[in-house]
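*Asks:* Could you have a look at this structure, given as structure tokens, before my questions?
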Amino acid sequence: MARPRLPRPTDAELEILTVLWRRGPSTVREVYEEISAARATGYTSVLKLVQIMAGKGLVEREERHRAHIYHATAPQEDTQRALVRDLVERAFGGSATRLVMHALASERASAEDRALIRKMLKEYEGGAK
């Protein structure tokens, strides 16, 4: 059975999800400490966002002893795929070609990146040997 479609996370929610994907299940304090090491934020701001995310279904809470442990409900790859799909629809009129062309034009791809892209295209087309 297919997973229900989750709402698109905001930038701040995506930052929290990234911490949870990297660390695994974590307390709000642990998420706060990692985020605050990179930029100024308040503990209560992170707490409120995590609570909102739980309400949206982006994270789930486990109660262990006194600490509440949160984990992302969807794998990172699923969320990234949904975000790219949304970007392609909204910004590029549904054209994956236009997305790729803009991405390649905006930043020079290294020879290694271009080789990897070619390999991925061959695999996608079923031509990998």
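Chains: A, B, ... in order of the structure tokens. Residues: from 1 per chain. Ligands: from 1, in order shown.
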At a cut-off of 12 Å, using only C-alpha atoms, what residues contact Pro75 (chain A)? Leave out same-chain residues fewer than 3 positions from it and give the result as number ranges by chain.

*Replies:* A: 3, 6, 17-18, 20-22, 24, 58-59, 71-72, 78-82

*Asks:* For region 35-44 of chain A, list every protein, DNA or RNA residue within 12 Å, evaluated using only C-alpha atoms, and leave out those in the same chain fewer than 2 positions away; present the list as a list in words.

*Replies:*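 In the requested format, the answer is Ala12, Glu13, Leu14, Glu15, Ile16, Leu17, Thr18, Val19, Leu20, Thr27, Val28, Arg29, Glu30, Val31, Tyr32, Glu33, Val46, Leu47, Lys48, Leu49, Val50 and Gln51 of chain A.
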
*Asks:* Could you pull out all residues of chain A with a DSSP call of alpha helix (DSSP H) and give them as a count of residues only?

*Replies:* 81

*Asks:* Looking at only C-alpha atoms, which of A:Leu99, A:Leu116, A:Gly55, A:Arg66 is the one that sits closest to Leu87 (chain A)?

*Replies:*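 Among the listed residues, A:Leu99 lies closest to Leu87 (chain A).
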
*Asks:* Residues of chain A in strand (DSSP E) according to DSSP, as a VMD selection string?

*Replies:* chain A and resid 59 to 64 67 to 72

*Asks:* Would you mind exporting the chosen residues as a compact mmCIF listing (two decimals), in the first residue's frame, restricted to C-alpha atoms?

*Replies:*
```txt
# COMPACT_ATOMS: atom_id res chain seq x y z
CA VAL A 59 7.91 13.33 12.25
CA GLU A 60 6.68 10.89 14.86
CA ARG A 61 7.33 10.99 18.58
CA GLU A 62 8.30 8.10 20.81
CA GLU A 63 8.14 8.55 24.54
CA ARG A 64 11.09 6.90 26.27
CA ALA A 67 12.59 12.28 26.94
CA HIS A 68 10.57 12.43 23.74
CA ILE A 69 12.46 11.01 20.78
CA TYR A 70 11.52 12.18 17.28
CA HIS A 71 12.20 10.52 13.94
CA ALA A 72 11.36 11.42 10.35
```

*Asks:* One decimal, in Å: what's the spacing between CA of Arg118 (chain A) and CA of Ser106 (chain A)?

*Replies:*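 For CA of Arg118 (chain A) relative to CA of Ser106 (chain A), the distance reads 18.5 Å.
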
*Asks:* From the options A:Asp11, A:Val88, A:Ile117, A:Ser45, which residue's atoms come nearest to Leu104 (chain A), counting only C-alpha atoms?

*Replies:* A:Ile117

*Asks:* Quick one: pull the distance between CA of Lys119 (chain A) and CA of Arg98 (chain A), Å, one decimal.

*Replies:* 19.7 Å
